[in-house]
Structure formats: C-alpha cells, structure tokens
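Asks: Input file: protein.cif. Contents: mmCIF, C-alpha atoms and all ligand atoms.
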```cif
data_start
loop_
_atom_site.label_atom_id
_atom_site.label_comp_id
_atom_site.auth_asym_id
_atom_site.auth_seq_id
_atom_site.Cartn_x
_atom_site.Cartn_y
_atom_site.Cartn_z
CA PRO A 16 0.00 0.00 0.00
CA ASN A 17 0.96 3.57 -0.58
CA THR A 18 2.22 5.06 2.68
CA GLN A 19 2.56 8.52 1.25
CA PRO A 20 -0.51 10.47 2.32
CA ARG A 21 -1.96 11.53 -0.99
CA ASP A 22 -4.34 13.90 0.59
CA ALA A 23 -4.74 14.74 4.25
CA LYS A 24 -8.46 15.37 3.90
CA PRO A 25 -10.77 12.59 4.98
CA ARG A 26 -12.71 11.81 1.85
CA LEU A 27 -16.31 10.96 1.49
CA LEU A 28 -17.58 9.48 -1.72
CA LEU A 29 -21.13 9.78 -2.95
CA MET A 30 -22.13 7.02 -5.38
CA GLY A 31 -25.25 5.49 -6.86
CA LEU A 32 -27.21 5.19 -10.06
CA ARG A 33 -28.16 8.18 -12.18
CA ARG A 34 -31.00 10.28 -10.80
CA SER A 35 -30.76 8.60 -7.41
CA GLY A 36 -30.28 12.03 -5.83
CA LYS A 37 -26.52 12.41 -5.34
CA SER A 38 -26.16 15.95 -6.65
CA SER A 39 -29.28 16.98 -4.79
CA ILE A 40 -27.91 15.69 -1.50
CA ALA A 41 -24.56 17.42 -2.00
CA SER A 42 -26.27 20.68 -3.00
CA VAL A 43 -28.75 20.71 -0.15
CA VAL A 44 -26.32 19.69 2.57
CA PHE A 45 -23.19 21.52 1.49
CA HIS A 46 -24.43 24.40 -0.61
CA LYS A 47 -27.67 25.38 1.11
CA MET A 48 -29.77 24.78 -1.97
CA PRO A 49 -33.50 24.73 -1.21
CA PRO A 50 -34.75 21.14 -1.86
CA ASN A 51 -37.27 22.24 -4.50
CA GLU A 52 -34.57 23.70 -6.68
CA THR A 53 -32.92 20.29 -7.09
CA LEU A 54 -35.67 19.49 -9.58
CA PHE A 55 -33.68 21.55 -12.07
CA LEU A 56 -30.26 20.05 -11.38
CA GLU A 57 -28.59 18.43 -14.32
CA SER A 58 -27.99 14.78 -13.75
CA THR A 59 -24.38 13.99 -12.98
CA THR A 60 -22.45 12.70 -15.95
CA ARG A 61 -18.88 12.86 -14.77
CA ILE A 62 -16.89 12.59 -11.57
CA GLN A 63 -17.31 15.84 -9.72
CA LYS A 64 -14.90 16.58 -6.95
CA ASP A 65 -16.30 19.02 -4.53
CA SER A 66 -14.06 20.08 -1.70
CA ILE A 67 -15.97 21.25 1.29
CA HIS A 68 -14.10 23.90 3.21
CA SER A 69 -15.33 22.99 6.54
CA PHE A 70 -13.49 22.09 9.68
CA MET A 71 -12.57 18.69 8.30
CA ASP A 72 -12.25 19.44 4.60
CA PHE A 73 -14.01 16.30 3.56
CA GLN A 74 -14.71 15.80 -0.10
CA VAL A 75 -17.75 14.71 -1.94
CA TRP A 76 -17.09 12.98 -5.20
CA ASP A 77 -20.25 12.87 -7.09
CA PHE A 78 -20.01 9.82 -9.31
CA PRO A 79 -22.09 9.51 -12.38
CA GLY A 80 -24.22 6.44 -11.85
CA GLN A 81 -23.51 4.77 -15.15
CA LEU A 82 -19.77 5.06 -14.89
CA GLU A 83 -18.08 1.68 -14.78
CA TYR A 84 -15.53 2.49 -12.14
CA LEU A 85 -14.83 -1.17 -11.57
CA GLU A 86 -13.34 -1.50 -15.01
CA PRO A 87 -9.57 -1.99 -15.12
CA SER A 88 -9.10 1.46 -16.67
CA PHE A 89 -9.96 3.03 -13.33
CA ASP A 90 -7.32 3.38 -10.71
CA LEU A 91 -8.84 1.87 -7.59
CA GLU A 92 -6.14 3.34 -5.42
CA ASP A 93 -6.99 6.74 -6.79
CA ILE A 94 -10.65 6.33 -6.02
CA PHE A 95 -10.67 4.39 -2.76
CA GLY A 96 -7.14 4.83 -1.44
CA SER A 97 -7.69 7.59 1.09
CA LEU A 98 -11.39 7.17 1.50
CA GLY A 99 -13.15 7.57 4.82
CA ALA A 100 -16.62 6.48 3.79
CA LEU A 101 -18.50 5.43 0.74
CA VAL A 102 -22.05 6.75 0.66
CA TRP A 103 -24.24 4.77 -1.70
CA VAL A 104 -27.53 6.43 -2.63
CA ILE A 105 -30.49 4.22 -3.57
CA ASP A 106 -33.66 5.75 -4.98
CA ALA A 107 -36.33 4.07 -2.87
CA GLN A 108 -39.09 5.37 -5.14
CA ASP A 109 -37.67 3.50 -8.10
CA ASP A 110 -36.87 -0.11 -8.87
CA TYR A 111 -33.77 -0.63 -6.76
CA LEU A 112 -32.64 -4.12 -7.72
CA ASP A 113 -30.02 -2.92 -10.17
CA SER A 114 -28.65 -0.45 -7.67
CA VAL A 115 -28.46 -3.11 -4.95
CA ALA A 116 -26.66 -5.50 -7.32
CA ARG A 117 -24.10 -2.84 -8.21
CA LEU A 118 -23.61 -1.92 -4.59
CA ASN A 119 -22.92 -5.56 -3.71
CA ARG A 120 -20.35 -5.79 -6.46
CA THR A 121 -18.75 -2.60 -5.28
CA ILE A 122 -18.57 -3.73 -1.66
CA LEU A 123 -17.04 -7.07 -2.63
CA THR A 124 -14.43 -5.39 -4.81
CA VAL A 125 -13.55 -2.60 -2.45
CA GLN A 126 -13.34 -4.63 0.75
CA GLN A 127 -10.64 -6.89 -0.69
CA TYR A 128 -8.29 -3.98 -0.95
CA TYR A 129 -9.61 -1.48 1.58
CA PRO A 130 -11.38 -3.39 4.33
CA GLY A 131 -11.47 -0.34 6.60
CA ILE A 132 -13.92 1.70 4.53
CA ASN A 133 -17.32 2.40 6.03
CA ILE A 134 -20.11 1.64 3.61
CA GLU A 135 -23.06 3.94 4.25
CA VAL A 136 -26.26 3.21 2.38
CA PHE A 137 -28.77 6.05 2.01
CA ILE A 138 -32.18 4.61 1.20
CA HIS A 139 -33.23 7.87 -0.32
CA LYS A 140 -36.35 9.84 -1.41
CA VAL A 141 -38.40 8.15 1.29
CA ASP A 142 -40.56 11.29 1.55
CA GLY A 143 -42.76 9.78 -1.15
CA LEU A 144 -43.36 6.51 0.73
CA SER A 145 -45.92 5.59 3.36
CA ASP A 146 -44.54 4.60 6.77
CA GLU A 147 -45.28 0.95 6.22
CA TYR A 148 -43.82 0.84 2.73
CA ARG A 149 -40.76 2.69 3.99
CA GLN A 150 -40.08 0.00 6.61
CA ASP A 151 -40.69 -2.81 4.10
CA THR A 152 -38.30 -1.24 1.61
CA PHE A 153 -35.70 -0.78 4.32
CA GLN A 154 -35.96 -4.42 5.43
CA ASP A 155 -35.90 -5.69 1.88
CA ILE A 156 -32.78 -3.73 0.93
CA VAL A 157 -30.91 -4.68 4.10
CA GLN A 158 -31.83 -8.32 3.55
CA ARG A 159 -30.76 -8.39 -0.07
CA ILE A 160 -27.40 -6.85 0.70
CA SER A 161 -26.55 -8.91 3.76
CA ASP A 162 -27.71 -12.17 2.11
CA GLU A 163 -25.60 -11.64 -0.94
CA LEU A 164 -22.56 -10.58 1.05
CA SER A 165 -22.75 -13.56 3.37
CA ASP A 166 -23.26 -15.88 0.35
CA ALA A 167 -19.99 -14.46 -0.91
CA GLY A 168 -18.40 -15.33 2.44
CA TYR A 169 -18.38 -11.79 3.75
CA GLU A 170 -20.01 -11.74 7.18
CA ASN A 171 -20.49 -8.68 9.36
CA ALA A 172 -19.64 -6.25 6.61
CA PRO A 173 -19.30 -2.68 7.88
CA VAL A 174 -22.48 -1.56 6.12
CA HIS A 175 -24.91 0.89 7.71
CA TYR A 176 -28.31 1.98 6.50
CA TYR A 177 -30.22 5.25 6.74
CA LEU A 178 -33.62 6.38 5.52
CA THR A 179 -33.12 9.79 3.94
CA SER A 180 -34.88 12.60 2.14
CA ILE A 181 -33.77 16.10 1.20
CA TYR A 182 -37.20 17.41 2.16
CA ASP A 183 -36.63 17.01 5.88
CA TYR A 184 -33.74 16.81 8.33
CA SER A 185 -33.08 13.11 7.82
CA VAL A 186 -30.30 13.63 5.31
CA PHE A 187 -28.48 15.99 7.71
CA GLU A 188 -28.93 13.51 10.52
CA ALA A 189 -27.57 10.68 8.35
CA PHE A 190 -24.58 12.74 7.24
CA SER A 191 -23.91 13.65 10.86
CA LYS A 192 -23.70 9.97 11.75
CA VAL A 193 -21.44 9.29 8.78
CA ILE A 194 -19.09 12.16 9.57
CA GLN A 195 -18.93 11.37 13.27
CA LYS A 196 -17.34 8.02 12.49
CA LEU A 197 -14.50 9.87 10.77
CA ILE A 198 -13.75 12.16 13.68
CA PRO A 199 -10.71 11.32 15.71
CA ASN A 200 -11.38 11.58 19.44
CA LEU A 201 -15.14 11.55 19.09
CA SER A 202 -15.59 9.94 22.50
CA THR A 203 -13.42 12.61 24.12
CA LEU A 204 -15.60 15.27 22.52
CA GLU A 205 -18.76 13.52 23.67
CA ASN A 206 -17.44 13.26 27.20
CA LEU A 207 -16.66 16.96 27.22
CA ILE A 208 -20.12 17.81 25.94
CA ASN A 209 -21.74 15.48 28.47
CA THR A 210 -19.88 17.18 31.28
CA LEU A 211 -20.90 20.61 30.06
CA ALA A 212 -24.54 19.62 29.55
CA ASN A 213 -24.79 17.94 32.96
CA ASN A 214 -23.16 20.82 34.80
CA CYS A 215 -25.34 23.44 33.17
CA GLY A 216 -28.57 21.45 33.04
CA PHE A 217 -28.77 21.57 29.26
CA GLU A 218 -31.42 19.38 27.71
CA LYS A 219 -29.40 18.76 24.59
CA THR A 220 -26.16 20.16 23.18
CA TYR A 221 -24.83 19.90 19.65
CA LEU A 222 -21.49 20.81 18.20
CA PHE A 223 -22.38 21.96 14.71
CA ASP A 224 -20.39 22.55 11.59
CA VAL A 225 -21.90 25.95 10.75
CA LEU A 226 -21.65 25.68 7.00
CA SER A 227 -23.36 22.33 6.51
CA LYS A 228 -25.34 22.15 9.76
CA ILE A 229 -24.02 18.65 10.24
CA TYR A 230 -23.38 18.03 13.90
CA ILE A 231 -20.03 16.47 14.53
CA ALA A 232 -20.74 15.56 18.13
CA SER A 233 -23.44 15.92 20.75
CA ASP A 234 -24.08 14.79 24.28
CA THR A 235 -24.92 11.11 24.38
CA ARG A 236 -28.55 11.45 25.43
CA PRO A 237 -30.97 10.20 22.79
CA VAL A 238 -31.32 12.57 19.86
CA ASP A 239 -34.57 14.44 19.78
CA MET A 240 -35.45 15.50 16.23
CA ALA A 241 -37.37 18.55 17.43
CA CYS A 242 -34.32 19.77 19.37
CA TYR A 243 -32.09 19.22 16.40
CA GLU A 244 -34.44 21.14 14.11
CA MET A 245 -34.70 24.03 16.53
CA CYS A 246 -30.91 24.31 16.86
CA SER A 247 -30.32 23.94 13.17
CA ASP A 248 -32.90 26.63 12.33
CA TYR A 249 -31.38 28.92 14.90
CA ILE A 250 -28.01 28.71 13.15
CA ASP A 251 -29.71 29.85 9.94
CA VAL A 252 -31.22 32.82 11.71
CA ILE A 253 -27.90 33.88 13.20
CA VAL A 254 -26.01 33.37 9.94
CA ASP A 255 -28.64 35.37 8.03
CA ILE A 256 -28.55 38.22 10.50
CA SER A 257 -24.79 38.41 10.63
CA GLU A 258 -24.67 38.34 6.84
CA LEU A 259 -27.30 41.04 6.59
CA TYR A 260 -25.63 43.44 8.94
CA SER A 261 -21.94 42.75 8.90
CA TRP A 262 -21.19 41.49 5.42
CA ASP A 263 -20.54 43.83 2.52
CA HIS A 264 -22.06 41.89 -0.34
CA SER A 265 -20.79 44.12 -3.14
CA LEU A 266 -17.22 43.90 -1.88
CA ARG A 267 -17.63 40.29 -0.67
CA LYS A 268 -15.92 40.98 2.60
CA PRO A 269 -16.84 41.72 6.18
CA LYS A 270 -17.64 45.30 7.11
CA GLY A 271 -14.89 46.20 9.53
CA ASP A 272 -13.52 44.04 12.30
CA GLN A 273 -15.66 41.16 13.45
CA VAL A 274 -16.27 39.97 16.93
CA GLN A 275 -14.07 36.90 17.24
CA GLU A 276 -16.69 34.60 18.69
CA ALA A 277 -20.33 35.33 18.35
CA GLU A 278 -22.67 34.41 21.18
CA SER A 279 -26.38 34.56 20.96
CA HIS A 280 -29.45 33.26 22.72
CA VAL A 281 -33.19 33.44 22.50
CA VAL A 282 -35.91 32.58 25.01
CA LEU A 283 -39.02 31.07 23.44
CA HIS A 284 -42.64 31.43 24.57
CA ASP A 285 -42.42 28.30 26.73
CA GLU A 286 -39.26 29.64 28.40
CA THR A 287 -37.01 27.27 26.49
CA MET A 288 -33.70 28.95 25.84
CA ILE A 289 -31.57 28.26 22.77
CA HIS A 290 -28.00 29.24 23.36
CA LEU A 291 -25.41 29.46 20.61
CA MET A 292 -21.71 30.12 20.88
CA GLU A 293 -19.15 30.12 18.12
CA MET A 294 -16.25 27.83 18.98
CA ASN A 295 -13.91 28.55 16.08
CA LYS A 296 -14.08 29.45 12.42
CA TYR A 297 -16.16 26.39 11.57
CA LEU A 298 -17.87 25.11 14.66
CA CYS A 299 -20.52 26.39 16.97
CA LEU A 300 -22.06 24.95 20.07
CA VAL A 301 -25.85 25.09 20.29
CA SER A 302 -27.77 24.06 23.40
CA VAL A 303 -31.39 23.72 24.33
CA ILE A 304 -32.10 24.70 27.92
CA ARG A 305 -35.50 24.06 29.44
CA ASN A 306 -35.02 25.76 32.74
CA PRO A 307 -36.92 28.98 33.44
CA GLU A 308 -34.04 30.16 35.62
CA ALA A 309 -31.55 29.95 32.78
CA LYS A 310 -32.13 33.63 31.95
CA GLU A 311 -30.62 34.70 35.25
CA LYS A 312 -27.71 32.31 34.86
CA LYS A 313 -26.58 33.48 31.44
CA GLY A 314 -23.18 34.64 32.70
CA LEU A 315 -22.48 31.25 34.19
CA ILE A 316 -23.63 29.45 31.04
CA ASP A 317 -21.35 31.61 28.90
CA MET A 318 -18.43 30.97 31.19
CA ASN A 319 -18.93 27.21 31.09
CA CYS A 320 -19.17 27.28 27.31
CA ARG A 321 -15.90 29.22 27.14
CA THR A 322 -14.23 26.59 29.31
CA PHE A 323 -15.59 23.97 26.97
CA GLN A 324 -14.20 25.94 24.03
CA ASP A 325 -10.69 25.87 25.49
CA ALA A 326 -10.92 22.12 26.05
CA LEU A 327 -12.23 21.59 22.54
CA ASN A 328 -9.44 23.51 20.90
CA ASP A 329 -7.02 21.57 23.04
CA VAL A 330 -8.42 18.27 21.75
CA PHE A 331 -8.19 19.43 18.16
CA SER A 332 -4.68 20.80 18.40
CA ARG A 333 -3.60 17.59 20.12
CA SER A 334 -5.08 15.35 17.45
CA TRP A 335 -3.43 17.56 14.86
CA GLU A 336 -0.06 17.15 16.57
CA GLN A 337 -0.62 13.41 16.76
CA GLU A 338 -1.32 13.34 13.06
CA GLN A 339 1.88 15.24 12.31
CA GLU A 340 3.90 12.86 14.46
CA GLU A 341 2.35 9.80 12.84
CA ARG A 342 3.05 11.24 9.45
CA ALA A 343 6.65 12.01 10.36
CA ALA A 344 7.04 8.45 11.66
CA ALA A 345 5.55 7.01 8.49
CA ALA A 346 7.89 9.08 6.35
CA ALA A 347 10.97 8.06 8.33
P1 LIG B 401 -28.04 12.31 -9.48
O1 LIG B 401 -28.06 11.97 -10.93
O2 LIG B 401 -27.84 11.09 -8.62
O3 LIG B 401 -27.08 13.39 -9.10
O4 LIG B 401 -29.53 12.78 -9.11
P2 LIG B 401 -30.09 14.26 -8.92
O5 LIG B 401 -29.50 14.89 -7.71
O6 LIG B 401 -29.97 14.99 -10.20
O7 LIG B 401 -31.62 13.97 -8.57
C1 LIG B 401 -32.54 13.41 -9.47
C2 LIG B 401 -33.95 13.84 -9.09
O8 LIG B 401 -34.31 13.34 -7.82
C3 LIG B 401 -34.12 15.36 -9.02
O9 LIG B 401 -35.29 15.70 -9.73
C4 LIG B 401 -34.30 15.64 -7.54
O10 LIG B 401 -35.16 16.74 -7.29
C5 LIG B 401 -34.92 14.35 -7.04
N1 LIG B 401 -34.63 14.11 -5.61
C6 LIG B 401 -33.42 14.13 -5.00
N2 LIG B 401 -33.54 13.87 -3.69
C7 LIG B 401 -34.86 13.67 -3.45
C8 LIG B 401 -35.63 13.35 -2.27
O11 LIG B 401 -35.12 13.19 -1.14
N3 LIG B 401 -36.97 13.19 -2.42
C9 LIG B 401 -37.58 13.36 -3.64
N4 LIG B 401 -38.91 13.20 -3.68
N5 LIG B 401 -36.90 13.67 -4.76
C10 LIG B 401 -35.55 13.82 -4.67
#
```
Please, can you express the file's structure as structure tokens?
Ligand code: GDP
Replies:
Amino acid sequence: PNTQPRDAKPRLLLMGLRRSGKSSIASVVFHKMPPNETLFLESTTRIQKDSIHSFMDFQVWDFPGQLEYLEPSFDLEDIFGSLGALVWVIDAQDDYLDSVARLNRTILTVQQYYPGINIEVFIHKVDGLSDEYRQDTFQDIVQRISDELSDAGYENAPVHYYLTSIYDYSVFEAFSKVIQKLIPNLSTLENLINTLANNCGFEKTYLFDVLSKIYIASDTRPVDMACYEMCSDYIDVIVDISELYSWDHSLRKPKGDQVQEAESHVVLHDETMIHLMEMNKYLCLVSVIRNPEAKEKKGLIDMNCRTFQDALNDVFSRSWEQEQEERAAAAA
C-alpha cells in the first residue's frame, strides 16, 4: 500500500445510479440549496470533486451512476485509497434491484483492498413513501445486501443503512452519523459535551459545523429530532442576521472588524432557551435549555461554554499534533 498520504483530507464518496439524488444531496447539505430547486439540477455525468471547506475538509465525489468504475481502466487506489466512507444512494421510489446489485459488487471489490472503509447506504427519497412501505423497503434492501454478502463469504460487513430525504432533516442527521465516524477523538468530545450539559442542566447540546449544519458531536442522550431542528434553524437565523448586517455583499468581505466569537441566545414562549456560541471558524455549540431560571444564569452558562471551548481547541490541536507525528514516523 501507498504510505505517502496523498491527501490529508478525509474523503467521502457519494455514489449510486443516475438520478438517485446524489447531486441533490450534495447541494442541499453543502451548498444550502432549497430542496425544491434540485428538480432543475442536471444529472451527474462525470466525476465531480467538490471540496468542502469545513473544519474537516471532507470531499464529496459525485459519481455519475452509469460510470463503470470497476473496469480496469480506473485506478482503484486513486478512487478508494484515502477514502473515509463510501455513501451509496439508492432511490427508494424507483426499482432498486439494479442499484443493490451494483452496490454488492462494489462492496465485494472494495473490501478486498480497503477493508477499513465504512459503507453507508442512504435509502433515499423516502418522503414519497408511506410509513409501512418505507419500513418494508428498508428491510428488503438490508436483507438483499446482507444475504448476498454472506453468500460471498463476507459476514459482518461494515455496512450501515439510513432512511433519507432532502425534504426534511433526515439527510443531515444521516450525514452527521457518517461524519462522526470519521472524527478522531469523538468519544473525548462527547465526554466533554456530556460534562458541560450535565453541569449546566442543558437538555441537549450539539457541536455543529456551521456551514453544513451537520453536527459532529453531541451529548450522548438520545437525539430528539425537534431539538435538532430548533438548533439547526437557529443557526440559519444567526447566519442570516450576521450576513445582513456585517457582510458587505458588493465587496464580498466583512464590514470592519468582526467579533471573534459570536454568542447569541433566545428565550421562546415556553421559556425554552436556545444558546449558541461560536467555537472557532467552523464550529458552533448550540444548546437547548428548558429551565426557566436559565435567563438569570446566562453569565455562568457563557463561562462554562468558554471553558468547553478551550478544552475543545485543546483536543483538536492535540489530534493535529498526533497526526503530524504519525506522518513524520511514516515518512521516516
Ligand atoms: P443524481 O443523478 O444522482 O445526481 O440525481 P439528482 O440529484 O440529479 O436527482 C434526481 C432527481 O431526484 C431530481 O429531480 C431531484 O429533485 C430528485 N430528488 C433528489 N432527492 C430527493 C428526495 O429526497 N426526495 C424526492 N422526492 N426527490 C428527490
């Protein structure tokens, strides 16, 4: 294997048949395109590399569905060599047998050479399906894939399944899960967030990537979709306001010096507080607090979030150092 790191960015690959929804997913999640506008997207016909300048710099390669990447003319190392995860999109509203067959072939090929790759299957466009049909489709696809893989002697393949749609938050939730697996020190981050949330009585806390609204970590209490939606919408509000008032659109640059780390909160009609604090250029911490006394304790909440921020940046700089050392060792 090639020990030379070709590319330090963890790479994420989006694959699937034509019209399965790959470009739509990339556009909605990473470029803030409203879901309805994807109706007018041109279907992908070539490999599109789309670098996402987020805190991790992951990449989405949008593969044209019909492309025979398993042919010898394609350099497997080039495609799968530094891959973190392969996201396979299946159109659940269409006949999916062909897609499933291709996915199985892909898994069997790829795992021989790169057994560490996470295979993430998005059973997509489920907005058009009834609840019952959705579950049946899910079961059927999982069954077909695991049967065929175990027939081929491949048990316990690292394949995970998600029901997704660009018309709700499910695709963000699925991407969050996919990305979290690629984050070094995730459990350290989760422990830090748990400590913060417990100490401050937060109902739920997310560490968001501002640009994509993917959350890269959260406290380990069960995820509540309503909380996630509230926090995610709040980021939009804050981003819109700061763009409206502090961004010079004609010159494409900020108007004057910016506050280093924005902090903002809102108290809703039922006294729920949403608290947001920027952690660094890419990340912000958003918490839902259902304690009527939170208003009076704002100073304390801010202070605890700042302490968390220091710890967070510590974790990141340490994992960066580790990476440098490992790389130096590999080169030696
Ligand atoms: P690609 O060829 O895989 O890149 O597919 P596109 O992104 O071009 O999508 C094909 C069509 O599927 C477009 O008309 C999209 O609007 C539609 N589409 C994508 N995602 C969804 C979804 O979650 N639900 C529904 N109902 N339609 C979707």
Asks: I'd like a table as a Markdown table: residues in chain A with an atom no more than 8 Å from ligand LIG 401 (chain B), each row giving the shortest atom pair and its distance in Å to one decimal, only C-alpha atoms and all ligand atoms counted, sorted by chain and rising residue number.
Replies:
```
| residue | atom | partner | partner_atom | distance |
| --- | --- | --- | --- | --- |
| A:Met30 | CA | B:LIG401 | O2 | 7.7 |
| A:Gly31 | CA | B:LIG401 | O2 | 6.4 |
| A:Leu32 | CA | B:LIG401 | O2 | 6.1 |
| A:Arg33 | CA | B:LIG401 | O1 | 4.0 |
| A:Arg34 | CA | B:LIG401 | O4 | 3.4 |
| A:Ser35 | CA | B:LIG401 | O2 | 4.0 |
| A:Gly36 | CA | B:LIG401 | O4 | 3.4 |
| A:Lys37 | CA | B:LIG401 | O2 | 3.8 |
| A:Ser38 | CA | B:LIG401 | O3 | 3.7 |
| A:Ser39 | CA | B:LIG401 | O5 | 3.6 |
| A:Ile40 | CA | B:LIG401 | N2 | 6.3 |
| A:Ala41 | CA | B:LIG401 | O5 | 8.0 |
| A:Pro50 | CA | B:LIG401 | O10 | 7.0 |
| A:Asn51 | CA | B:LIG401 | O10 | 6.5 |
| A:Glu52 | CA | B:LIG401 | O10 | 7.0 |
| A:Thr53 | CA | B:LIG401 | O10 | 4.2 |
| A:Leu54 | CA | B:LIG401 | O10 | 3.6 |
| A:Phe55 | CA | B:LIG401 | O9 | 6.5 |
| A:Leu56 | CA | B:LIG401 | O6 | 5.2 |
| A:Glu57 | CA | B:LIG401 | O6 | 5.5 |
| A:Ser58 | CA | B:LIG401 | O1 | 4.0 |
| A:Thr59 | CA | B:LIG401 | O1 | 4.7 |
| A:Thr60 | CA | B:LIG401 | O1 | 7.6 |
| A:Asp77 | CA | B:LIG401 | O3 | 7.1 |
| A:Phe78 | CA | B:LIG401 | O3 | 7.9 |
| A:Pro79 | CA | B:LIG401 | O1 | 6.6 |
| A:Gly80 | CA | B:LIG401 | O2 | 6.7 |
| A:Val104 | CA | B:LIG401 | O2 | 7.6 |
| A:Gln108 | CA | B:LIG401 | N4 | 8.0 |
| A:His139 | CA | B:LIG401 | O11 | 5.7 |
| A:Lys140 | CA | B:LIG401 | N3 | 3.6 |
| A:Val141 | CA | B:LIG401 | N3 | 6.4 |
| A:Asp142 | CA | B:LIG401 | N3 | 5.7 |
| A:Gly143 | CA | B:LIG401 | N4 | 5.7 |
| A:Thr179 | CA | B:LIG401 | O11 | 6.4 |
| A:Ser180 | CA | B:LIG401 | O11 | 3.3 |
| A:Ile181 | CA | B:LIG401 | O11 | 4.0 |
| A:Tyr182 | CA | B:LIG401 | O11 | 5.7 |
```
Asks: Taking all atoms listed in the file into account, name the residue in A:Thr203, A:Val193, A:Ala277, A:Val303 that is nearest to Glu244 (chain A).
Replies: A:Val303
Asks: In Å, rounded to a single decimal, give me how far CA of Val115 (chain A) is from CA of Ala167 (chain A).
Replies: 14.7 Å
Asks: I'd like to know which of A:Pro173, A:Pro130, A:Gly168, A:Gly99 is closest to Ile194 (chain A), using all atoms listed in the file.
Replies: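 So, comparing all the options, the nearest one is A:Gly99.
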Asks: Between CA of Ile94 (chain A) and CA of Glu341 (chain A), what is the spacing in Å?
Replies: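 So the two atoms, CA of Glu341 (chain A) and CA of Ile94 (chain A), lie 23.2 Å apart.
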Asks: Leaving out Lys310 (chain A) and any residue of its chain fewer than 6 positions from it, which residues lie within 12 Å of it when counting all atoms listed in the file, given as a VMD selection string?
Replies: chain A and resid 280 to 283 286 to 290 304 316 to 317
Asks: Taking 2 positions as the minimum chain separation for residues in the same chain, which residues sit within 12 Å of Phe323 (chain A) when counting only C-alpha atoms? Answer as a ChimeraX atom specification.
Replies: /A:203-212,214-215,220,222,292-295,299-300,316-321,325-330
Asks: Between CA of Ile198 (chain A) and CA of Tyr128 (chain A), what distance in Å does the model show, to one decimal?
Replies: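 So the answer is 22.5 Å.
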Asks: Between A:Ala100, A:Phe187, A:Ser257, A:Asp162, which is the closest to Ser42 (chain A) once you count all atoms listed in the file?
Replies: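 Ranking A:Ala100, A:Phe187, A:Ser257, A:Asp162 by distance to Ser42 (chain A), first place goes to A:Phe187.
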Asks: Let me make sure I understand: among A:Ala172, A:Asp113, A:Ile105, A:Pro199, which one has the smallest atom-to-atom distance to Gln337 (chain A) if we use all atoms listed in the file?
Replies: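 Selected residue with least distance to Gln337 (chain A): A:Pro199.
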